[in-house]
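Engineer: Structure file query-v1.txt (compact mmCIF, C-alpha atoms and all ligand atoms) right here:
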```
# COMPACT_ATOMS: atom_id res chain seq x y z
CA MET F 1 178.72 -75.71 -153.98
CA ALA F 2 179.30 -77.98 -150.95
CA LEU F 3 182.61 -76.25 -150.30
CA ARG F 4 181.08 -72.78 -150.50
CA LEU F 5 178.28 -73.84 -148.19
CA GLU F 6 180.90 -74.99 -145.66
CA GLU F 7 182.63 -71.62 -145.95
CA LEU F 8 179.37 -69.85 -145.32
CA LYS F 9 178.68 -72.00 -142.27
CA ARG F 10 182.15 -71.29 -140.94
CA ARG F 11 181.48 -67.58 -141.42
CA ALA F 12 178.24 -67.90 -139.36
CA GLY F 13 180.24 -69.54 -136.58
CA GLU F 14 182.89 -66.80 -136.67
CA CYS F 15 180.22 -64.08 -136.41
CA ILE F 16 178.71 -65.82 -133.37
CA GLU F 17 182.15 -66.15 -131.75
CA ALA F 18 182.87 -62.49 -132.47
CA SER F 19 179.77 -61.53 -130.45
CA SER F 20 180.32 -64.05 -127.67
CA GLU F 21 180.90 -61.37 -125.07
CA PRO F 22 177.73 -59.30 -125.58
CA LEU F 23 175.76 -62.54 -126.04
CA GLY F 24 177.05 -63.81 -122.71
CA GLU F 25 176.18 -60.52 -121.06
CA LEU F 26 172.67 -60.66 -122.53
CA SER F 27 172.19 -64.16 -121.14
CA ARG F 28 173.52 -63.19 -117.70
CA ALA F 29 171.36 -60.05 -117.58
CA ILE F 30 168.24 -62.18 -118.14
CA TRP F 31 169.42 -64.92 -115.76
CA SER F 32 170.27 -62.56 -112.90
CA ARG F 33 166.81 -60.96 -112.86
CA PRO F 34 164.35 -63.84 -113.25
CA GLU F 35 160.88 -62.68 -114.27
CA LEU F 36 157.64 -64.65 -114.44
CA ALA F 37 155.29 -65.09 -117.39
CA TYR F 38 154.16 -61.81 -118.99
CA GLU F 39 156.28 -59.83 -116.52
CA GLU F 40 159.55 -60.18 -118.44
CA ARG F 41 160.11 -56.43 -118.77
CA GLN F 42 163.84 -56.43 -117.98
CA ALA F 43 164.49 -59.32 -120.37
CA HIS F 44 162.39 -57.63 -123.06
CA GLY F 45 164.41 -54.44 -122.52
CA ALA F 46 167.76 -56.24 -122.68
CA LEU F 47 166.87 -58.11 -125.88
CA THR F 48 165.34 -55.15 -127.74
CA ARG F 49 168.35 -52.98 -126.80
CA PHE F 50 170.64 -55.77 -128.00
CA PHE F 51 169.16 -55.68 -131.51
CA ALA F 52 168.50 -51.94 -131.64
CA GLY F 53 172.21 -51.42 -130.95
CA ARG F 54 173.25 -53.48 -133.99
CA PRO F 55 173.23 -52.27 -137.57
CA ALA F 56 170.30 -52.95 -139.91
CA TRP F 57 167.92 -54.65 -137.47
CA ALA F 58 164.38 -53.19 -137.44
CA VAL F 59 163.16 -53.70 -133.87
CA GLN F 60 159.53 -53.65 -132.75
CA PRO F 61 159.36 -53.65 -128.94
CA ARG F 62 156.09 -54.71 -127.24
CA TYR F 63 155.11 -56.54 -130.43
CA LYS F 64 151.47 -57.74 -130.01
CA LEU F 65 152.12 -58.40 -126.28
CA GLU F 66 153.73 -56.14 -123.72
CA THR F 67 156.79 -58.36 -123.25
CA ALA F 68 157.04 -59.79 -126.78
CA PHE F 69 159.26 -58.26 -129.46
CA ARG F 70 160.30 -58.66 -133.03
CA ALA F 71 163.55 -57.81 -134.81
CA ASP F 72 163.82 -58.11 -138.61
CA TRP F 73 166.69 -58.02 -141.03
CA ALA F 74 166.14 -58.41 -144.76
CA TRP F 75 168.71 -59.75 -147.21
CA ALA F 76 167.82 -58.93 -150.78
CA PRO F 77 170.87 -59.35 -153.05
CA ASP F 78 168.84 -58.53 -156.15
CA GLY F 79 166.46 -56.11 -154.51
CA GLY F 80 163.43 -58.40 -154.70
CA PRO F 81 160.86 -59.01 -151.96
CA PRO F 82 161.70 -61.76 -149.45
CA GLY F 83 161.14 -65.20 -150.92
CA LEU F 84 161.96 -67.01 -147.71
CA ARG F 85 161.18 -65.92 -144.15
CA LEU F 86 163.06 -67.60 -141.32
CA GLY F 87 162.22 -67.11 -137.64
CA PHE F 88 164.41 -67.58 -134.55
CA LEU F 89 162.45 -67.83 -131.33
CA CYS F 90 163.58 -66.52 -127.94
CA GLU F 91 162.02 -67.45 -124.60
CA TYR F 92 163.02 -65.64 -121.43
CA ASP F 93 160.49 -66.32 -118.65
CA ALA F 94 161.56 -67.89 -115.34
CA LEU F 95 159.88 -70.13 -112.75
CA PRO F 96 158.35 -69.01 -109.46
CA GLY F 97 160.78 -69.43 -106.56
CA ILE F 98 163.66 -71.10 -108.43
CA GLY F 99 164.57 -68.52 -111.07
CA HIS F 100 165.90 -69.68 -114.45
CA ALA F 101 165.61 -73.35 -113.58
CA CYS F 102 164.57 -74.13 -117.17
CA GLY F 103 167.41 -72.03 -118.63
CA HIS F 104 165.25 -69.81 -120.82
CA ASN F 105 167.95 -67.12 -120.60
CA LEU F 106 170.00 -69.50 -122.78
CA ILE F 107 167.10 -69.96 -125.22
CA ALA F 108 167.07 -66.17 -125.69
CA GLU F 109 170.83 -66.10 -126.18
CA VAL F 110 170.80 -68.98 -128.67
CA GLY F 111 167.97 -67.43 -130.73
CA ALA F 112 169.73 -64.07 -130.86
CA ALA F 113 173.13 -65.64 -131.61
CA ALA F 114 171.83 -67.88 -134.40
CA ALA F 115 170.18 -64.89 -136.10
CA LEU F 116 173.39 -62.85 -135.83
CA GLY F 117 175.39 -65.74 -137.28
CA LEU F 118 173.03 -66.19 -140.22
CA LYS F 119 173.03 -62.44 -140.94
CA GLY F 120 176.82 -62.28 -140.85
CA ALA F 121 177.13 -65.27 -143.19
CA LEU F 122 174.67 -63.89 -145.73
CA GLU F 123 176.33 -60.47 -145.65
CA SER F 124 179.65 -62.08 -146.52
CA LEU F 125 178.27 -63.41 -149.80
CA ALA F 126 179.39 -61.63 -152.94
CA PRO F 127 176.29 -60.51 -154.91
CA ASP F 128 177.63 -62.08 -158.10
CA GLY F 129 178.95 -65.23 -156.37
CA PRO F 130 177.99 -68.77 -157.33
CA LEU F 131 175.52 -69.38 -154.48
CA ARG F 132 172.03 -68.47 -155.57
CA ALA F 133 169.11 -67.99 -153.20
CA PRO F 134 165.86 -66.06 -152.91
CA ALA F 135 165.84 -62.88 -150.86
CA VAL F 136 165.65 -63.85 -147.17
CA LYS F 137 164.04 -62.16 -144.21
CA VAL F 138 165.46 -63.11 -140.82
CA THR F 139 163.09 -62.52 -137.92
CA VAL F 140 163.88 -62.85 -134.23
CA LEU F 141 160.72 -63.29 -132.21
CA GLY F 142 160.60 -62.73 -128.48
CA THR F 143 157.94 -65.08 -127.14
CA PRO F 144 157.04 -64.56 -123.46
CA ALA F 145 155.29 -66.82 -120.98
CA GLU F 146 156.22 -70.37 -121.95
CA GLU F 147 156.04 -71.79 -118.39
CA GLY F 148 152.25 -71.48 -118.28
CA GLY F 149 150.50 -68.55 -119.88
CA GLY F 150 150.96 -69.70 -123.48
CA GLY F 151 152.65 -66.64 -124.96
CA LYS F 152 153.17 -68.32 -128.32
CA LEU F 153 149.47 -69.22 -128.49
CA LYS F 154 148.57 -65.54 -128.25
CA LEU F 155 151.13 -64.72 -130.91
CA ILE F 156 149.70 -67.46 -133.15
CA ASP F 157 146.24 -65.94 -132.71
CA ALA F 158 147.65 -62.54 -133.61
CA GLY F 159 148.90 -64.03 -136.91
CA VAL F 160 152.57 -63.60 -136.07
CA PHE F 161 153.58 -67.00 -137.46
CA ASP F 162 151.53 -66.76 -140.66
CA ASN F 163 154.34 -65.04 -142.51
CA LEU F 164 157.15 -67.37 -141.54
CA ASP F 165 158.37 -70.34 -143.61
CA VAL F 166 160.56 -72.15 -141.07
CA VAL F 167 161.23 -71.47 -137.37
CA PHE F 168 164.19 -72.45 -135.20
CA MET F 169 164.75 -72.68 -131.47
CA ALA F 170 166.67 -74.78 -128.95
CA HIS F 171 166.02 -75.61 -125.30
CA PRO F 172 168.61 -76.40 -122.57
CA PHE F 173 168.63 -80.00 -121.36
CA GLN F 174 170.96 -82.73 -120.06
CA LYS F 175 171.92 -83.87 -123.56
CA ASP F 176 172.04 -82.75 -127.15
CA ALA F 177 169.01 -83.98 -129.08
CA PRO F 178 167.41 -82.81 -132.32
CA TYR F 179 163.92 -83.68 -131.05
CA LYS F 180 162.15 -84.89 -127.94
CA SER F 181 158.46 -85.57 -127.72
CA ALA F 182 156.60 -83.01 -125.62
CA LEU F 183 153.18 -83.74 -124.16
CA ALA F 184 149.94 -82.01 -125.05
CA THR F 185 148.77 -80.19 -121.93
CA HIS F 186 145.60 -78.81 -120.39
CA HIS F 187 146.10 -76.18 -117.67
CA GLY F 188 143.04 -76.43 -115.41
CA ILE F 189 141.87 -74.31 -112.50
CA VAL F 190 139.26 -75.74 -110.11
CA LYS F 191 137.45 -73.60 -107.57
CA TYR F 192 135.09 -74.84 -104.86
CA TYR F 193 132.63 -72.58 -103.09
CA GLY F 194 131.15 -73.70 -99.77
CA LYS F 195 129.97 -71.81 -96.70
CA ALA F 196 132.06 -70.47 -93.81
CA SER F 197 131.17 -71.29 -90.23
CA HIS F 198 132.88 -71.54 -86.83
CA ALA F 199 134.74 -74.85 -87.04
CA ALA F 200 134.21 -75.73 -83.34
CA ALA F 201 130.99 -73.97 -82.34
CA TYR F 202 128.72 -74.84 -85.28
CA PRO F 203 130.62 -76.80 -87.94
CA TRP F 204 127.35 -78.35 -89.17
CA GLU F 205 126.37 -74.92 -90.50
CA GLY F 206 129.38 -74.87 -92.81
CA ILE F 207 130.03 -76.35 -96.25
CA ASN F 208 133.69 -77.32 -96.37
CA ALA F 209 135.42 -76.27 -99.60
CA LEU F 210 138.74 -77.69 -98.38
CA ASP F 211 137.16 -81.14 -98.09
CA ALA F 212 136.12 -80.77 -101.72
CA ALA F 213 139.70 -79.83 -102.69
CA VAL F 214 141.17 -82.79 -100.77
CA LEU F 215 138.65 -85.20 -102.30
CA ALA F 216 139.41 -83.83 -105.77
CA TYR F 217 143.12 -84.41 -105.19
CA ASN F 218 142.48 -87.94 -103.92
CA ASN F 219 140.03 -88.75 -106.74
CA LEU F 220 142.76 -87.90 -109.25
CA SER F 221 145.23 -90.09 -107.36
CA VAL F 222 142.76 -92.98 -107.70
CA LEU F 223 142.30 -92.24 -111.40
CA ARG F 224 146.08 -92.56 -111.99
CA GLN F 225 146.05 -96.36 -111.90
CA GLN F 226 143.56 -96.44 -114.76
CA MET F 227 145.42 -93.98 -116.95
CA LYS F 228 147.64 -94.90 -119.90
CA PRO F 229 151.27 -95.11 -118.71
CA ALA F 230 152.39 -91.97 -120.54
CA TRP F 231 149.55 -89.75 -119.34
CA ARG F 232 150.38 -87.33 -116.55
CA VAL F 233 148.26 -85.48 -113.98
CA HIS F 234 149.73 -83.28 -111.31
CA GLY F 235 148.46 -80.38 -109.30
CA ILE F 236 148.55 -78.25 -106.22
CA ILE F 237 146.06 -76.76 -103.78
CA LYS F 238 146.64 -73.04 -104.34
CA ARG F 239 144.20 -71.87 -101.74
CA GLY F 240 143.10 -74.08 -98.86
CA GLY F 241 141.45 -71.77 -96.36
CA GLU F 242 142.35 -68.89 -94.07
CA ILE F 243 142.56 -70.19 -90.49
CA PRO F 244 141.68 -73.54 -88.85
CA ASN F 245 138.74 -72.18 -86.85
CA ILE F 246 136.77 -71.18 -89.97
CA ILE F 247 135.32 -73.86 -92.23
CA PRO F 248 136.94 -72.88 -95.56
CA SER F 249 134.34 -71.38 -97.88
CA CYS F 250 136.53 -71.08 -100.95
CA THR F 251 139.42 -73.21 -102.24
CA GLU F 252 141.35 -73.36 -105.48
CA LEU F 253 143.40 -76.05 -107.19
CA ALA F 254 145.61 -75.84 -110.26
CA PHE F 255 146.17 -78.94 -112.39
CA PHE F 256 148.16 -79.87 -115.46
CA LEU F 257 146.79 -82.79 -117.45
CA ARG F 258 149.08 -84.20 -120.15
CA THR F 259 149.00 -86.82 -122.91
CA PRO F 260 151.49 -87.65 -125.70
CA LEU F 261 148.73 -87.64 -128.33
CA LEU F 262 146.60 -84.56 -128.81
CA LYS F 263 143.50 -86.68 -129.40
CA ASP F 264 143.83 -88.28 -125.93
CA LEU F 265 143.86 -84.96 -124.13
CA PRO F 266 140.07 -84.37 -124.14
CA VAL F 267 139.60 -87.96 -122.88
CA LEU F 268 141.86 -87.30 -119.88
CA VAL F 269 140.32 -83.86 -119.27
CA ASP F 270 136.88 -85.46 -119.21
CA LYS F 271 137.93 -88.10 -116.67
CA ALA F 272 139.62 -85.49 -114.47
CA GLU F 273 136.60 -83.20 -114.55
CA SER F 274 134.44 -86.08 -113.37
CA CYS F 275 136.79 -86.42 -110.38
CA PHE F 276 136.44 -82.69 -109.63
CA ARG F 277 132.64 -82.73 -109.96
CA ALA F 278 132.33 -85.81 -107.75
CA ALA F 279 134.14 -83.91 -104.98
CA ALA F 280 131.68 -81.03 -105.29
CA LEU F 281 128.72 -83.41 -105.13
CA ALA F 282 130.08 -85.24 -102.09
CA THR F 283 130.60 -82.06 -100.09
CA GLY F 284 127.72 -79.92 -101.34
CA CYS F 285 130.07 -77.28 -102.75
CA LYS F 286 129.59 -75.37 -105.94
CA ILE F 287 132.32 -75.90 -108.50
CA GLU F 288 133.88 -73.65 -111.10
CA LEU F 289 136.13 -75.22 -113.77
CA LYS F 290 138.37 -73.00 -115.82
CA ARG F 291 141.22 -73.27 -118.26
CA GLU F 292 144.22 -71.21 -117.23
CA CYS F 293 145.21 -70.81 -120.88
CA PRO F 294 144.46 -72.68 -124.11
CA ASP F 295 145.85 -76.21 -124.36
CA TYR F 296 149.47 -76.76 -125.41
CA TYR F 297 149.83 -79.20 -128.30
CA ASN F 298 152.45 -81.93 -128.58
CA VAL F 299 155.48 -81.03 -130.72
CA LEU F 300 155.41 -82.41 -134.26
CA PRO F 301 158.75 -83.76 -135.48
CA ASN F 302 160.36 -82.56 -138.70
CA LYS F 303 162.71 -85.33 -139.81
CA SER F 304 164.53 -83.35 -142.52
CA LEU F 305 165.31 -80.41 -140.23
CA GLN F 306 166.34 -82.79 -137.44
CA GLN F 307 168.64 -84.73 -139.78
CA ILE F 308 170.36 -81.56 -141.03
CA TYR F 309 170.64 -80.21 -137.48
CA MET F 310 172.32 -83.46 -136.39
CA GLU F 311 174.81 -83.31 -139.28
CA ASN F 312 175.71 -79.73 -138.40
CA GLY F 313 175.79 -80.43 -134.67
CA LYS F 314 178.11 -83.43 -135.16
CA SER F 315 180.51 -81.28 -137.19
CA LEU F 316 180.71 -79.02 -134.13
CA GLY F 317 181.36 -81.89 -131.73
CA MET F 318 177.82 -82.62 -130.49
CA GLU F 319 177.07 -86.23 -129.62
CA PHE F 320 173.66 -87.68 -130.37
CA SER F 321 174.29 -91.15 -128.98
CA ASP F 322 171.08 -91.73 -127.06
CA LYS F 323 168.60 -93.19 -129.54
CA THR F 324 165.80 -93.45 -126.97
CA ILE F 325 165.84 -89.78 -126.09
CA SER F 326 163.38 -88.69 -128.76
CA SER F 327 160.70 -90.95 -127.30
CA THR F 328 161.38 -90.35 -123.61
CA LEU F 329 158.74 -88.22 -122.02
CA SER F 330 159.37 -84.66 -121.11
CA GLY F 331 157.29 -81.67 -120.17
CA SER F 332 155.32 -79.58 -122.57
CA THR F 333 155.93 -76.43 -124.54
CA ASP F 334 153.82 -73.86 -126.34
CA PHE F 335 156.16 -74.48 -129.28
CA GLY F 336 153.90 -77.54 -129.80
CA ASN F 337 151.16 -75.24 -131.13
CA VAL F 338 153.71 -73.45 -133.32
CA SER F 339 154.74 -76.83 -134.78
CA TYR F 340 151.18 -77.22 -136.13
CA VAL F 341 151.28 -73.78 -137.84
CA VAL F 342 154.73 -73.62 -139.42
CA PRO F 343 157.55 -76.15 -140.03
CA GLY F 344 160.22 -75.83 -137.37
CA ILE F 345 162.81 -77.38 -135.11
CA HIS F 346 162.85 -77.33 -131.30
CA SER F 347 166.12 -79.06 -130.45
CA TYR F 348 167.63 -79.67 -127.01
CA PHE F 349 171.15 -78.89 -125.92
CA TYR F 350 173.62 -79.90 -123.24
CA ILE F 351 174.76 -77.08 -120.96
CA GLY F 352 177.70 -78.78 -119.25
CA SER F 353 175.72 -80.23 -116.34
CA ASP F 354 173.72 -83.34 -115.46
CA ALA F 355 171.23 -81.27 -113.42
CA LEU F 356 167.55 -81.83 -114.24
CA ASN F 357 165.29 -79.05 -115.53
CA HIS F 358 163.19 -77.23 -112.91
CA THR F 359 165.71 -77.70 -110.09
CA GLU F 360 167.94 -75.21 -108.26
CA GLN F 361 170.97 -77.01 -109.73
CA PHE F 362 169.73 -76.44 -113.26
CA ALA F 363 169.21 -72.73 -112.53
CA GLU F 364 172.80 -72.55 -111.37
CA ALA F 365 174.05 -74.38 -114.47
CA ALA F 366 172.05 -72.11 -116.80
CA GLY F 367 173.87 -69.07 -115.40
CA SER F 368 177.33 -70.65 -115.39
CA GLU F 369 180.27 -69.72 -117.59
CA VAL F 370 180.51 -73.36 -118.69
CA ALA F 371 177.06 -73.23 -120.33
CA GLN F 372 178.20 -70.47 -122.66
CA GLN F 373 180.30 -72.60 -125.01
CA TYR F 374 177.42 -75.06 -125.40
CA ALA F 375 174.87 -72.31 -126.01
CA LEU F 376 177.07 -70.78 -128.71
CA ARG F 377 177.69 -74.18 -130.29
CA THR F 378 173.94 -74.74 -130.44
CA ALA F 379 173.41 -71.31 -132.02
CA LYS F 380 175.98 -72.22 -134.66
CA ALA F 381 174.19 -75.50 -135.43
CA LEU F 382 170.88 -73.64 -135.83
CA ALA F 383 172.43 -70.96 -138.09
CA MET F 384 174.10 -73.69 -140.18
CA THR F 385 170.78 -75.52 -140.47
CA ALA F 386 169.14 -72.29 -141.66
CA ILE F 387 171.92 -71.90 -144.26
CA ASP F 388 171.14 -75.42 -145.50
CA VAL F 389 167.44 -74.56 -145.74
CA ILE F 390 168.27 -71.50 -147.83
CA PHE F 391 170.83 -73.01 -150.18
CA ARG F 392 170.48 -76.79 -150.36
CA PRO F 393 168.38 -77.64 -153.40
CA GLY F 394 165.14 -79.40 -152.51
CA LEU F 395 165.57 -79.18 -148.73
CA LEU F 396 162.88 -76.57 -148.12
CA GLU F 397 160.41 -78.69 -150.10
CA ARG F 398 161.28 -81.76 -147.99
CA VAL F 399 160.87 -79.74 -144.79
CA ARG F 400 157.43 -78.63 -145.94
CA GLU F 401 156.48 -82.17 -146.93
CA ASP F 402 157.58 -83.51 -143.50
CA PHE F 403 155.45 -80.85 -141.83
CA ARG F 404 152.41 -81.80 -143.91
CA GLN F 405 152.93 -85.53 -143.24
CA ALA F 406 153.47 -85.16 -139.49
CA LYS F 407 150.26 -83.19 -139.20
CA GLN F 408 148.37 -85.73 -141.25
CA GLU F 409 149.71 -88.65 -139.18
CA GLU F 410 148.63 -86.89 -135.99
CA GLN F 411 145.12 -86.46 -137.38
CA GLU F 412 144.93 -90.10 -138.49
CA HIS F 413 145.91 -91.43 -135.05
ZN ZN K 501 160.36 -75.54 -118.09
ZN ZN K 502 161.61 -74.57 -120.59
```
Take the structure in the file and write it out as structure tokens.
Structural biologist:
Amino acid sequence: MALRLEELKRRAGECIEASSEPLGELSRAIWSRPELAYEERQAHGALTRFFAGRPAWAVQPRYKLETAFRADWAWAPDGGPPGLRLGFLCEYDALPGIGHACGHNLIAEVGAAAALGLKGALESLAPDGPLRAPAVKVTVLGTPAEEGGGGKLKLIDAGVFDNLDVVFMAHPFQKDAPYKSALATHHGIVKYYGKASHAAAYPWEGINALDAAVLAYNNLSVLRQQMKPAWRVHGIIKRGGEIPNIIPSCTELAFFLRTPLLKDLPVLVDKAESCFRAAALATGCKIELKRECPDYYNVLPNKSLQQIYMENGKSLGMEFSDKTISSTLSGSTDFGNVSYVVPGIHSYFYIGSDALNHTEQFAEAAGSEVAQQYALRTAKALAMTAIDVIFRPGLLERVREDFRQAKQEEQEH
């Protein structure tokens, strides 16, 4: 059995290699036309065409959201209904101003490649061969708007993840890692409304909404010393006034508030909102507090999936030397919410560069030729992990048990 499983994994790798050219083109097409959250029309077009042009994939463009999609392929050796439904997630949104500085073009490529590899491997199985498995449905999900906007949260609400048993995705990073903790996040918008007036002639008639914004920013800076070390607050003044000779009557700030534990997030949000309200009180402005999108949850680990991913990754030459990486802080992802709905893995992969995410250098690396070999290697490791989930006796049960336990531990915290 072990030998046959290795053959099957090798077959998945060969299928991915055989499509390396179109996969690279897909990645470059997305990278060269960066699109922001919910505007990823070119990327959506490139990905849906990619699957529509391949045999046996049933593609649903604009699936639940305008720039989301779904592509399904069913493997039913004995004609039965799918007993196991595996999802591969693609992201493809970029960042304002710096393009694909988080490398989501590579996430899309890896998701597509892993699904192709798994399909090719399963198709190579003789129907009367010794490897037995339930019928499998492979689903590629295009999930827009990860960098703010919470595309996956909308897809969760639409029930898209209800019919999946295990989901797989991988994110570009400086190192290979099966897991890294991601912070729970609140995306807040603060608006202050004051009263305009001539800033030199009769400033006393005005109510200064920019003063409120500046105080809010400073109040949060003061709060920082009293926060737990791993909590994060950071924001910008999006609108600060029109011209110096008018007392600004309307200002707007955007803030991200983040905590490693989901239960701490409302505590931090509460403290931050006190800072915002205090600024309104001090200046006489009216305040409006809004959520830009629902909160992102932290990512729950799945030890069994991570272990299998590491075994497969090592066999392909990945190095997982840095033991501290899983606990080092990172950003946040809407995959966190997915990890509370369905068991899954959100691994990280090296792209041939030391550049940090959300920098111009990372954008350059994500579009480089060098990144391709690492993206394909990661896709192979994901496809191999999916093969283990399908065929290794007892693994799926352990993955489900890990999911249940991780959720329970989070609630007990
Ligand atoms: Zn990012
Ligand atoms: Zn990202």
Engineer: Ligand ZN 501 (chain K): which residues are within 9 Å, counting all atoms listed in the file, as a list in words?
Structural biologist: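 I would give the residues around ligand ZN 501 (chain K) as Ala94, Leu95, His100, Ala101, Cys102, Gly103, His104, Glu146, Glu147, Gly331, Ser332, Thr333, Asn357 and His358 of chain F.
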Engineer: Ranking F:Asp157, F:Glu123, F:Glu252, F:Glu412 by minimum distance to Phe276 in chain F and counting all atoms listed in the file, which one comes first?
Structural biologist: F:Glu252
Engineer: Using only C-alpha atoms, which residue out of F:Pro130, F:Gly111, F:Gly142, F:Gly241 lies closest to Ala43 in chain F?
Structural biologist: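 Checking each of F:Pro130, F:Gly111, F:Gly142, F:Gly241 against Ala43 in chain F, counting only C-alpha atoms, the winner is F:Gly142.
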Engineer: Choose the residue, out of F:Ala58, F:Ser27, F:Leu125, F:Ile107, that has the smallest atom-to-atom separation from Ala76 in chain F; count only C-alpha atoms.
Structural biologist: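 That would be F:Leu125, the residue with the smallest distance to Ala76 in chain F.
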Engineer: Skipping near chain neighbours, those fewer than 6 positions away, what residues fall within 9 Å of Gly83 in chain F using all atoms listed in the file, listed as number ranges by chain?
Structural biologist: F: 133-137
Engineer: Please list as a list in words every residue within 9 Å of Arg85 in chain F, counting all atoms listed in the file and excluding residues in the same chain fewer than 5 positions away.
Structural biologist: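 Surrounding residues, per the criterion: Ala135, Val136, Lys137, Val138, Thr139, Asn163, Leu164, Asp165, Val166 and Val167 of chain F.
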Engineer: Have range 123-139 of chain F completed to N, CA and C atoms, please, and pass it along as a PDB file, keeping the file's coordinate frame.
Structural biologist:
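Contents of the output file result33.pdb:
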```pdb
ATOM      1  N   GLU F 123     175.694 -61.744-145.278  1.00  0.00           N
ATOM      2  CA  GLU F 123     176.330 -60.470-145.650  1.00  0.00           C
ATOM      3  C   GLU F 123     177.701 -60.680-146.298  1.00  0.00           C
ATOM      4  N   SER F 124     178.309 -61.828-145.974  1.00  0.00           N
ATOM      5  CA  SER F 124     179.650 -62.080-146.520  1.00  0.00           C
ATOM      6  C   SER F 124     179.602 -62.576-147.957  1.00  0.00           C
ATOM      7  N   LEU F 125     178.399 -62.864-148.443  1.00  0.00           N
ATOM      8  CA  LEU F 125     178.270 -63.410-149.800  1.00  0.00           C
ATOM      9  C   LEU F 125     178.455 -62.311-150.842  1.00  0.00           C
ATOM     10  N   ALA F 126     179.267 -62.584-151.837  1.00  0.00           N
ATOM     11  CA  ALA F 126     179.390 -61.630-152.940  1.00  0.00           C
ATOM     12  C   ALA F 126     178.108 -61.687-153.777  1.00  0.00           C
ATOM     13  N   PRO F 127     177.563 -60.513-154.170  1.00  0.00           N
ATOM     14  CA  PRO F 127     176.290 -60.510-154.910  1.00  0.00           C
ATOM     15  C   PRO F 127     176.360 -61.302-156.204  1.00  0.00           C
ATOM     16  N   ASP F 128     177.544 -61.363-156.822  1.00  0.00           N
ATOM     17  CA  ASP F 128     177.630 -62.080-158.100  1.00  0.00           C
ATOM     18  C   ASP F 128     178.291 -63.454-157.914  1.00  0.00           C
ATOM     19  N   GLY F 129     178.324 -63.935-156.659  1.00  0.00           N
ATOM     20  CA  GLY F 129     178.950 -65.230-156.370  1.00  0.00           C
ATOM     21  C   GLY F 129     178.110 -66.389-156.891  1.00  0.00           C
ATOM     22  N   PRO F 130     178.668 -67.604-156.747  1.00  0.00           N
ATOM     23  CA  PRO F 130     177.990 -68.770-157.330  1.00  0.00           C
ATOM     24  C   PRO F 130     176.779 -69.271-156.527  1.00  0.00           C
ATOM     25  N   LEU F 131     176.662 -68.889-155.259  1.00  0.00           N
ATOM     26  CA  LEU F 131     175.520 -69.380-154.480  1.00  0.00           C
ATOM     27  C   LEU F 131     174.292 -68.532-154.760  1.00  0.00           C
ATOM     28  N   ARG F 132     173.264 -69.191-155.221  1.00  0.00           N
ATOM     29  CA  ARG F 132     172.030 -68.470-155.570  1.00  0.00           C
ATOM     30  C   ARG F 132     170.939 -68.787-154.549  1.00  0.00           C
ATOM     31  N   ALA F 133     170.195 -67.768-154.170  1.00  0.00           N
ATOM     32  CA  ALA F 133     169.110 -67.990-153.200  1.00  0.00           C
ATOM     33  C   ALA F 133     168.084 -66.878-153.357  1.00  0.00           C
ATOM     34  N   PRO F 134     166.844 -67.145-152.903  1.00  0.00           N
ATOM     35  CA  PRO F 134     165.860 -66.060-152.910  1.00  0.00           C
ATOM     36  C   PRO F 134     166.221 -65.038-151.830  1.00  0.00           C
ATOM     37  N   ALA F 135     165.644 -63.860-151.927  1.00  0.00           N
ATOM     38  CA  ALA F 135     165.840 -62.880-150.860  1.00  0.00           C
ATOM     39  C   ALA F 135     165.306 -63.485-149.553  1.00  0.00           C
ATOM     40  N   VAL F 136     166.000 -63.221-148.460  1.00  0.00           N
ATOM     41  CA  VAL F 136     165.650 -63.850-147.170  1.00  0.00           C
ATOM     42  C   VAL F 136     165.338 -62.785-146.140  1.00  0.00           C
ATOM     43  N   LYS F 137     164.291 -63.021-145.361  1.00  0.00           N
ATOM     44  CA  LYS F 137     164.040 -62.160-144.210  1.00  0.00           C
ATOM     45  C   LYS F 137     164.294 -62.971-142.944  1.00  0.00           C
ATOM     46  N   VAL F 138     165.155 -62.436-142.088  1.00  0.00           N
ATOM     47  CA  VAL F 138     165.460 -63.110-140.820  1.00  0.00           C
ATOM     48  C   VAL F 138     164.705 -62.379-139.722  1.00  0.00           C
ATOM     49  N   THR F 139     163.898 -63.121-138.982  1.00  0.00           N
ATOM     50  CA  THR F 139     163.090 -62.520-137.920  1.00  0.00           C
ATOM     51  C   THR F 139     163.419 -63.162-136.577  1.00  0.00           C
TER      52      THR F 139
END
```
